Amino acid sequence: MLKVESFKSQIRLKTLNTVDLRLLVGLSMFSDYDGRINATLQKIKDLGYMTPKLVESTLERLITFGWIRKEGTAYYTTYTTNTSPKRKKLYYINLFKFFQTDIFKTMYKRDINFLFYILTTTLPGRFRRVAIERLYKNKINENSKHGLIIDYFTSFEDLVSHLTSLIEKGIIEVRLCKSKSLLTQETTNIKEQIYNYCGKDKQYRKKRMRNQDDHHSIDIRISEKVLKEKTTVFDAERLSTLQDLDDTAAKYCCSVDCYEIKDLDPIHMFKHKLYTTFGNVGLEVYREELESYFKHQGHEFEETMEDGAAAFVKVLKNYYVMPKIIIKLKELFKKMLIETRVDRSMFLNQSNEEMKWNVSLEETFKKQTAPYVRYIKEEAYDDEIIKLDYYMMELSVEHNALYRDFTHINKDWLEFKKKVNSIFRTEELLGNTKQDVYRLALNKKLNEQKRKDSQLSEQTRKERRDIMSYNWLDN
């Protein structure tokens with residue numbers, strides 16, 4: 001999505017030329033969650049937004065003006081964003097499929113800027129009411145307290161010419177307020193209707209304005225034709241979230257081309273959750289471990305994918321990503337304890353009625369570790385959960401005491417500890433002590449259903465022997 005704030009400034013937009021504006025939208029189609037442009041230089045050239053030989057100079061110009069940045073060999077956008085249900089205001093512009101059409105690729109600067117004016121001032125599909133006299137340069141409105149809304153068009157005739165073109169191409173729709181006429185792509189004599197509405201005489205001379213209140217209101221909106229075809233990061237035409245998978249696989253002589261886009265949805269969802277949970281750190285872990293998987297296990301990729309993308313995600317998550325997430329949590333925990341450099345008495349105020357936690361430390365700890373604890377509790381194998389608990393319990397006395405305090409006071413750690421205790425209770429029914437559970441976890445045996453079935457079967461046989469023995473003695 002495009003950030004509304006990035007495209008509101010007319011001064012900033014006017015510093016760009018036509019190909020700059022076109023490419024901004026084109027690059028956003030390949031922008032990943034963190035803004036990384038998942039497209040090679042050749043792919044950008046093939047998009048068709050400009051003559052290929054202009055692409056590199058255009059990218060450099062966009063870097064100079066702060067629209068994109070370069071890190072190593074990768075480019076990142078600074079003007080894209082992701083949707084969030086918590087944000088209700090108009091803060092993003094949808095990436096409509098219209099932006100990939102030849103109509104947009106041949107639009108000129110003033111038309112594109114005017115389009116951005118509409119997209120950044122009203123919700124999609126809603127009308128924006130404005131006096132037509134405030135949309136082109138004229139002395140009365142230039143000097144009035146209200147002023148011009150935009151200054152892209154040099155005269156009334158210039159404005160009407162562009163309005164007519166945008167309407168005829170099906171990009172916008174205009175309603176002439178007083179006459180209530182709606183001008184759409186199907187309307188005939190569009191220019192003449194606007195002229196008549198605004199008082200232009202037969203010689204095509206617009207009636208002179210007497211003052212700033214002498215105006216003609218019109219309603220403008222983006223057409224339904226444009227709005228109904230949105231694009232998302234999951235669309236086959238973009239592949240922005242799959243491109244790093246494609247590139248990494250190709251690096252190790254594998255390919256994802258033979259799979260349908262819909263069949264790769266589990267990979268989309270896995271990556272999406274890592275991003276929504278951890279932000280850019282999640283993407284960093286995903287890309288690093290994707291590389292690690294193909295480096296060490298890429299020869300098994302096609303065989304794994306025979307069972308579907310979910311099978312690949314299972315391997316990637318549990319044997320590559322999850323261990324890295326746990327390591328990062330341990331590092332955060334240790335770092336926090338070192339940085340605080342205070343003894344336990346400074347963390348807690350204990351009374352007979354309640355235990356009060358140091359507020360600033362709680363907030364810091366919650367903010368830093370909560371995503372990791374939640375993710376591990378929800379996604380990790382029981383082996384990993386028990387091993388993490390074992391690790392925390394085996395730390396120094398001071399550290400262990402803090403872990404116990406965290407699991408009593410912080411909600412996320414409390415839920416984690418409940419999950420640990422639930423695993424212990426389940427294993428207890430199978431006749432396993434806590435030490436047995438730790439041993440099984442260290443040997444990665446907890447999640448083996450075959451082992452559980454075997455122990456359950458053995459326990460059932462023992463119970464039956466006990467019952468028979470009891471009945472024999474009773475008789």
# chains A, B, ... in the order shown; residues from 1 in each chain; ligands from 1

$ residues_around --residues "Ile118 (chain A)" --least-positions-apart "6" --cutoff "8 Å" --atoms "only C-alpha atoms" --output "ChimeraX atom specification"
/A:128,220-222

$ residues_around --residues "Leu24 (chain A)" --least-positions-apart "3" --cutoff "9 Å" --atoms "only C-alpha atoms" --output "NGL selection string"
:A and (19-21 or 27-28 or 62 or 67-68 or 77 or 79)

$ residues_around --residues "Tyr76 (chain A)" --least-positions-apart "3" --cutoff "8 Å" --atoms "only C-alpha atoms" --output "PDB file with N, CA and C atoms, in the first residue's frame"
ATOM      1  N   SER A  31       6.924  -4.435  -3.366  1.00  0.00           N
ATOM      2  CA  SER A  31       7.395  -4.083  -2.035  1.00  0.00           C
ATOM      3  C   SER A  31       6.936  -5.118  -1.016  1.00  0.00           C
ATOM      4  N   ASP A  34       8.498  -5.302   4.745  1.00  0.00           N
ATOM      5  CA  ASP A  34       9.444  -4.338   5.300  1.00  0.00           C
ATOM      6  C   ASP A  34       9.876  -3.286   4.279  1.00  0.00           C
ATOM      7  N   GLY A  35       9.231  -3.262   3.123  1.00  0.00           N
ATOM      8  CA  GLY A  35       9.562  -2.275   2.102  1.00  0.00           C
ATOM      9  C   GLY A  35      10.599  -2.744   1.106  1.00  0.00           C
ATOM     10  N   ARG A  36      11.184  -3.903   1.322  1.00  0.00           N
ATOM     11  CA  ARG A  36      12.207  -4.378   0.387  1.00  0.00           C
ATOM     12  C   ARG A  36      11.570  -4.657  -0.974  1.00  0.00           C
ATOM     13  N   ILE A  37      12.207  -4.149  -2.019  1.00  0.00           N
ATOM     14  CA  ILE A  37      11.695  -4.331  -3.375  1.00  0.00           C
ATOM     15  C   ILE A  37      12.198  -5.666  -3.903  1.00  0.00           C
ATOM     16  N   ILE A  68      13.271   6.071  -1.980  1.00  0.00           N
ATOM     17  CA  ILE A  68      13.767   4.717  -1.746  1.00  0.00           C
ATOM     18  C   ILE A  68      15.158   4.817  -1.140  1.00  0.00           C
ATOM     19  N   ARG A  69      15.617   3.727  -0.564  1.00  0.00           N
ATOM     20  CA  ARG A  69      16.982   3.664  -0.047  1.00  0.00           C
ATOM     21  C   ARG A  69      17.614   2.353  -0.497  1.00  0.00           C
ATOM     22  N   LYS A  70      18.920   2.314  -0.480  1.00  0.00           N
ATOM     23  CA  LYS A  70      19.627   1.114  -0.910  1.00  0.00           C
ATOM     24  C   LYS A  70      20.460   0.565   0.234  1.00  0.00           C
ATOM     25  N   GLU A  71      20.291  -0.728   0.511  1.00  0.00           N
ATOM     26  CA  GLU A  71      21.079  -1.410   1.534  1.00  0.00           C
ATOM     27  C   GLU A  71      21.747  -2.609   0.876  1.00  0.00           C
TER      28      GLU A  71
END

$ select_by_dssp --residues "region 49-294 of chain A" --states "strand (DSSP E or B)" --output "number ranges by chain"
A: 68-71, 74-77, 80, 92-93, 96, 128-131, 136, 153, 172-176, 181-183, 200, 206, 217-222, 230

$ write_last_selection --atoms "N, CA and C atoms" --output "mmCIF file, in the first residue's frame"
data_model
loop_
_atom_site.group_PDB
_atom_site.id
_atom_site.type_symbol
_atom_site.label_atom_id
_atom_site.label_comp_id
_atom_site.auth_asym_id
_atom_site.auth_seq_id
_atom_site.Cartn_x
_atom_site.Cartn_y
_atom_site.Cartn_z
ATOM 1 N N ILE A 68 13.271 6.071 -1.980
ATOM 2 C CA ILE A 68 13.767 4.717 -1.746
ATOM 3 C C ILE A 68 15.158 4.817 -1.140
ATOM 4 N N ARG A 69 15.617 3.727 -0.564
ATOM 5 C CA ARG A 69 16.982 3.664 -0.047
ATOM 6 C C ARG A 69 17.614 2.353 -0.497
ATOM 7 N N LYS A 70 18.920 2.314 -0.480
ATOM 8 C CA LYS A 70 19.627 1.114 -0.910
ATOM 9 C C LYS A 70 20.460 0.565 0.234
ATOM 10 N N GLU A 71 20.291 -0.728 0.511
ATOM 11 C CA GLU A 71 21.079 -1.410 1.534
ATOM 12 C C GLU A 71 21.747 -2.609 0.876
ATOM 13 N N ALA A 74 20.137 -4.493 -2.227
ATOM 14 C CA ALA A 74 18.668 -4.438 -2.190
ATOM 15 C C ALA A 74 18.170 -3.000 -2.080
ATOM 16 N N TYR A 75 17.025 -2.733 -2.706
ATOM 17 C CA TYR A 75 16.352 -1.440 -2.604
ATOM 18 C C TYR A 75 15.146 -1.561 -1.673
ATOM 19 N N TYR A 76 14.883 -0.505 -0.910
ATOM 20 C CA TYR A 76 13.742 -0.468 0.006
ATOM 21 C C TYR A 76 12.936 0.804 -0.240
ATOM 22 N N THR A 77 11.622 0.679 -0.233
ATOM 23 C CA THR A 77 10.771 1.858 -0.361
ATOM 24 C C THR A 77 10.615 2.532 1.001
ATOM 25 N N THR A 80 5.823 3.078 1.299
ATOM 26 C CA THR A 80 4.805 2.025 1.349
ATOM 27 C C THR A 80 4.509 1.669 2.798
ATOM 28 N N TYR A 92 -3.550 4.978 3.896
ATOM 29 C CA TYR A 92 -2.908 4.269 2.797
ATOM 30 C C TYR A 92 -3.768 4.337 1.534
ATOM 31 N N ILE A 93 -3.099 4.139 0.402
ATOM 32 C CA ILE A 93 -3.763 4.079 -0.900
ATOM 33 C C ILE A 93 -3.634 2.649 -1.408
ATOM 34 N N PHE A 96 -4.247 -0.527 -6.751
ATOM 35 C CA PHE A 96 -5.240 -1.024 -7.709
ATOM 36 C C PHE A 96 -4.537 -1.622 -8.932
ATOM 37 N N ARG A 128 -15.435 13.798 -3.607
ATOM 38 C CA ARG A 128 -14.722 14.935 -3.044
ATOM 39 C C ARG A 128 -15.304 16.186 -3.677
ATOM 40 N N ARG A 129 -15.957 17.046 -2.875
ATOM 41 C CA ARG A 129 -16.565 18.266 -3.418
ATOM 42 C C ARG A 129 -15.555 19.405 -3.411
ATOM 43 N N VAL A 130 -15.511 20.130 -4.522
ATOM 44 C CA VAL A 130 -14.560 21.232 -4.639
ATOM 45 C C VAL A 130 -15.070 22.222 -5.688
ATOM 46 N N ALA A 131 -14.734 23.471 -5.493
ATOM 47 C CA ALA A 131 -15.066 24.481 -6.494
ATOM 48 C C ALA A 131 -14.091 24.338 -7.654
ATOM 49 N N TYR A 136 -7.458 25.481 -10.847
ATOM 50 C CA TYR A 136 -6.549 26.001 -11.881
ATOM 51 C C TYR A 136 -6.115 27.409 -11.493
ATOM 52 N N PHE A 153 -2.710 23.059 -12.994
ATOM 53 C CA PHE A 153 -3.282 23.448 -14.287
ATOM 54 C C PHE A 153 -3.240 24.964 -14.469
ATOM 55 N N ILE A 172 -11.756 8.499 -13.440
ATOM 56 C CA ILE A 172 -12.533 9.251 -12.459
ATOM 57 C C ILE A 172 -13.957 9.467 -12.968
ATOM 58 N N GLU A 173 -14.827 9.880 -12.051
ATOM 59 C CA GLU A 173 -16.189 10.283 -12.382
ATOM 60 C C GLU A 173 -16.446 11.630 -11.744
ATOM 61 N N VAL A 174 -17.181 12.498 -12.441
ATOM 62 C CA VAL A 174 -17.431 13.870 -11.964
ATOM 63 C C VAL A 174 -18.939 14.131 -11.962
ATOM 64 N N ARG A 175 -19.416 14.663 -10.842
ATOM 65 C CA ARG A 175 -20.827 15.045 -10.758
ATOM 66 C C ARG A 175 -20.924 16.561 -10.730
ATOM 67 N N LEU A 176 -21.713 17.129 -11.646
ATOM 68 C CA LEU A 176 -21.948 18.571 -11.692
ATOM 69 C C LEU A 176 -23.047 18.882 -10.676
ATOM 70 N N SER A 181 -25.794 16.189 -12.866
ATOM 71 C CA SER A 181 -25.379 15.290 -13.949
ATOM 72 C C SER A 181 -24.109 14.549 -13.533
ATOM 73 N N LEU A 182 -24.073 13.238 -13.773
ATOM 74 C CA LEU A 182 -22.890 12.441 -13.460
ATOM 75 C C LEU A 182 -22.165 12.114 -14.753
ATOM 76 N N LEU A 183 -20.914 12.540 -14.841
ATOM 77 C CA LEU A 183 -20.107 12.317 -16.040
ATOM 78 C C LEU A 183 -19.234 11.091 -15.835
ATOM 79 N N LYS A 200 -19.465 28.842 -19.772
ATOM 80 C CA LYS A 200 -18.617 29.200 -20.911
ATOM 81 C C LYS A 200 -19.523 29.431 -22.122
ATOM 82 N N LYS A 206 -14.861 31.372 -20.964
ATOM 83 C CA LYS A 206 -15.523 31.182 -19.677
ATOM 84 C C LYS A 206 -15.919 32.531 -19.090
ATOM 85 N N SER A 217 -19.369 24.268 -8.037
ATOM 86 C CA SER A 217 -18.936 23.070 -7.313
ATOM 87 C C SER A 217 -19.114 21.814 -8.154
ATOM 88 N N ILE A 218 -18.128 20.933 -8.027
ATOM 89 C CA ILE A 218 -18.222 19.618 -8.659
ATOM 90 C C ILE A 218 -17.808 18.564 -7.623
ATOM 91 N N ASP A 219 -18.310 17.352 -7.799
ATOM 92 C CA ASP A 219 -17.913 16.215 -6.967
ATOM 93 C C ASP A 219 -17.056 15.288 -7.815
ATOM 94 N N ILE A 220 -15.923 14.874 -7.258
ATOM 95 C CA ILE A 220 -14.996 14.006 -7.987
ATOM 96 C C ILE A 220 -14.741 12.745 -7.172
ATOM 97 N N ARG A 221 -14.700 11.604 -7.847
ATOM 98 C CA ARG A 221 -14.336 10.356 -7.178
ATOM 99 C C ARG A 221 -13.622 9.434 -8.160
ATOM 100 N N ILE A 222 -12.890 8.466 -7.604
ATOM 101 C CA ILE A 222 -12.274 7.442 -8.424
ATOM 102 C C ILE A 222 -13.379 6.514 -8.923
ATOM 103 N N LYS A 230 -8.633 -4.485 -6.882
ATOM 104 C CA LYS A 230 -7.511 -4.221 -5.990
ATOM 105 C C LYS A 230 -6.485 -5.327 -6.149
#

$ closest_residue --among "A:Asn94, A:Thr64, A:Thr15, A:Thr369" --to "Pro124 (chain A)" --atoms "only C-alpha atoms"
A:Asn94

$ residues_around --residues "Ile385 (chain A)" --least-positions-apart "3" --cutoff "10 Å" --atoms "only C-alpha atoms" --output "PyMOL selection string"
chain A and resi 326+373+376-382+388-391+416-417+419-420+423+441

$ residues_around --residues "Asp257 (chain A)" --least-positions-apart "2" --cutoff "12 Å" --atoms "only C-alpha atoms" --output "PyMOL selection string"
chain A and resi 236+239+242-243+245-247+249-250+254-255+259-261+263-264+302

$ atom_distance --atom1 "CA of Gly72 (chain A)" --atom2 "CA of Lys43 (chain A)"
18.0 Å

$ closest_residue --among "A:Asn400, A:Thr121, A:Thr154, A:Thr81" --to "Asp32 (chain A)" --atoms "only C-alpha atoms"
A:Thr81

$ residues_around --residues "region 185-199 of chain A" --least-positions-apart "5" --cutoff "12 Å" --atoms "only C-alpha atoms" --output "ChimeraX atom specification"
/A:131-133,156-180,204-209,214-218,222-226

$ atom_distance --atom1 "CA of Asn280 (chain A)" --atom2 "CA of Phe294 (chain A)"
21.4 Å

$ closest_residue --among "A:Thr241, A:Gln368, A:Thr101, A:Thr122" --to "Leu47 (chain A)" --atoms "only C-alpha atoms"
A:Thr101

$ residues_around --residues "Asp412 (chain A)" --least-positions-apart "6" --cutoff "9 Å" --atoms "only C-alpha atoms" --output "NGL selection string"
:A and (366 or 369-371 or 373-374 or 406)

$ write_last_selection --atoms "all heavy atoms" --output "PDB file, in the first residue's frame"
ATOM      1  N   LYS A 366       7.825  -6.726  28.958  1.00  0.00           N
ATOM      2  CA  LYS A 366       6.657  -7.153  28.190  1.00  0.00           C
ATOM      3  C   LYS A 366       6.818  -6.810  26.721  1.00  0.00           C
ATOM      4  O   LYS A 366       6.552  -7.629  25.833  1.00  0.00           O
ATOM      5  CB  LYS A 366       5.403  -6.488  28.746  1.00  0.00           C
ATOM      6  CG  LYS A 366       4.119  -6.907  28.040  1.00  0.00           C
ATOM      7  CD  LYS A 366       2.921  -6.248  28.690  1.00  0.00           C
ATOM      8  CE  LYS A 366       1.640  -6.666  27.980  1.00  0.00           C
ATOM      9  NZ  LYS A 366       0.445  -6.021  28.564  1.00  0.00           N
ATOM     10  N   THR A 369       9.853  -9.097  25.155  1.00  0.00           N
ATOM     11  CA  THR A 369       9.781 -10.557  25.134  1.00  0.00           C
ATOM     12  C   THR A 369       8.412 -11.143  24.830  1.00  0.00           C
ATOM     13  O   THR A 369       8.314 -12.308  24.439  1.00  0.00           O
ATOM     14  CB  THR A 369      10.245 -11.149  26.485  1.00  0.00           C
ATOM     15  OG1 THR A 369       9.307 -10.761  27.512  1.00  0.00           O
ATOM     16  CG2 THR A 369      11.636 -10.654  26.850  1.00  0.00           C
ATOM     17  N   ALA A 370       7.350 -10.351  25.010  1.00  0.00           N
ATOM     18  CA  ALA A 370       5.994 -10.884  24.839  1.00  0.00           C
ATOM     19  C   ALA A 370       5.773 -11.576  23.491  1.00  0.00           C
ATOM     20  O   ALA A 370       5.215 -12.680  23.452  1.00  0.00           O
ATOM     21  CB  ALA A 370       4.963  -9.776  25.056  1.00  0.00           C
ATOM     22  N   PRO A 371       6.192 -10.976  22.360  1.00  0.00           N
ATOM     23  CA  PRO A 371       5.962 -11.652  21.073  1.00  0.00           C
ATOM     24  C   PRO A 371       6.647 -13.012  20.994  1.00  0.00           C
ATOM     25  O   PRO A 371       6.085 -13.967  20.446  1.00  0.00           O
ATOM     26  CB  PRO A 371       6.564 -10.677  20.057  1.00  0.00           C
ATOM     27  CG  PRO A 371       6.590  -9.358  20.743  1.00  0.00           C
ATOM     28  CD  PRO A 371       6.838  -9.670  22.174  1.00  0.00           C
ATOM     29  N   VAL A 373       7.514 -15.062  23.571  1.00  0.00           N
ATOM     30  CA  VAL A 373       6.880 -16.043  24.461  1.00  0.00           C
ATOM     31  C   VAL A 373       5.571 -16.545  23.869  1.00  0.00           C
ATOM     32  O   VAL A 373       5.283 -17.743  23.877  1.00  0.00           O
ATOM     33  CB  VAL A 373       6.636 -15.421  25.855  1.00  0.00           C
ATOM     34  CG1 VAL A 373       5.963 -16.432  26.777  1.00  0.00           C
ATOM     35  CG2 VAL A 373       7.943 -14.962  26.465  1.00  0.00           C
ATOM     36  N   ARG A 374       4.771 -15.624  23.339  1.00  0.00           N
ATOM     37  CA  ARG A 374       3.489 -16.012  22.753  1.00  0.00           C
ATOM     38  C   ARG A 374       3.692 -16.943  21.562  1.00  0.00           C
ATOM     39  O   ARG A 374       2.999 -17.948  21.408  1.00  0.00           O
ATOM     40  CB  ARG A 374       2.702 -14.772  22.307  1.00  0.00           C
ATOM     41  CG  ARG A 374       2.073 -14.004  23.440  1.00  0.00           C
ATOM     42  CD  ARG A 374       0.988 -13.063  22.910  1.00  0.00           C
ATOM     43  NE  ARG A 374       1.514 -12.103  21.959  1.00  0.00           N
ATOM     44  CZ  ARG A 374       1.979 -10.893  22.277  1.00  0.00           C
ATOM     45  NH1 ARG A 374       1.977 -10.507  23.536  1.00  0.00           N
ATOM     46  NH2 ARG A 374       2.417 -10.077  21.355  1.00  0.00           N
ATOM     47  N   PHE A 406       8.520 -13.661  36.926  1.00  0.00           N
ATOM     48  CA  PHE A 406       7.911 -13.299  35.638  1.00  0.00           C
ATOM     49  C   PHE A 406       6.676 -14.155  35.368  1.00  0.00           C
ATOM     50  O   PHE A 406       5.650 -13.669  34.904  1.00  0.00           O
ATOM     51  CB  PHE A 406       8.908 -13.494  34.501  1.00  0.00           C
ATOM     52  CG  PHE A 406      10.081 -12.546  34.544  1.00  0.00           C
ATOM     53  CD1 PHE A 406      11.282 -12.904  33.966  1.00  0.00           C
ATOM     54  CD2 PHE A 406       9.987 -11.300  35.162  1.00  0.00           C
ATOM     55  CE1 PHE A 406      12.371 -12.050  34.001  1.00  0.00           C
ATOM     56  CE2 PHE A 406      11.070 -10.449  35.200  1.00  0.00           C
ATOM     57  CZ  PHE A 406      12.261 -10.819  34.626  1.00  0.00           C
TER      58      PHE A 406
END

$ closest_residue --among "A:Glu229, A:Ala309, A:Asn410, A:Thr184" --to "Met269 (chain A)" --atoms "only C-alpha atoms"
A:Ala309

$ atom_distance --atom1 "CA of Pro323 (chain A)" --atom2 "CA of Arg287 (chain A)"
14.3 Å
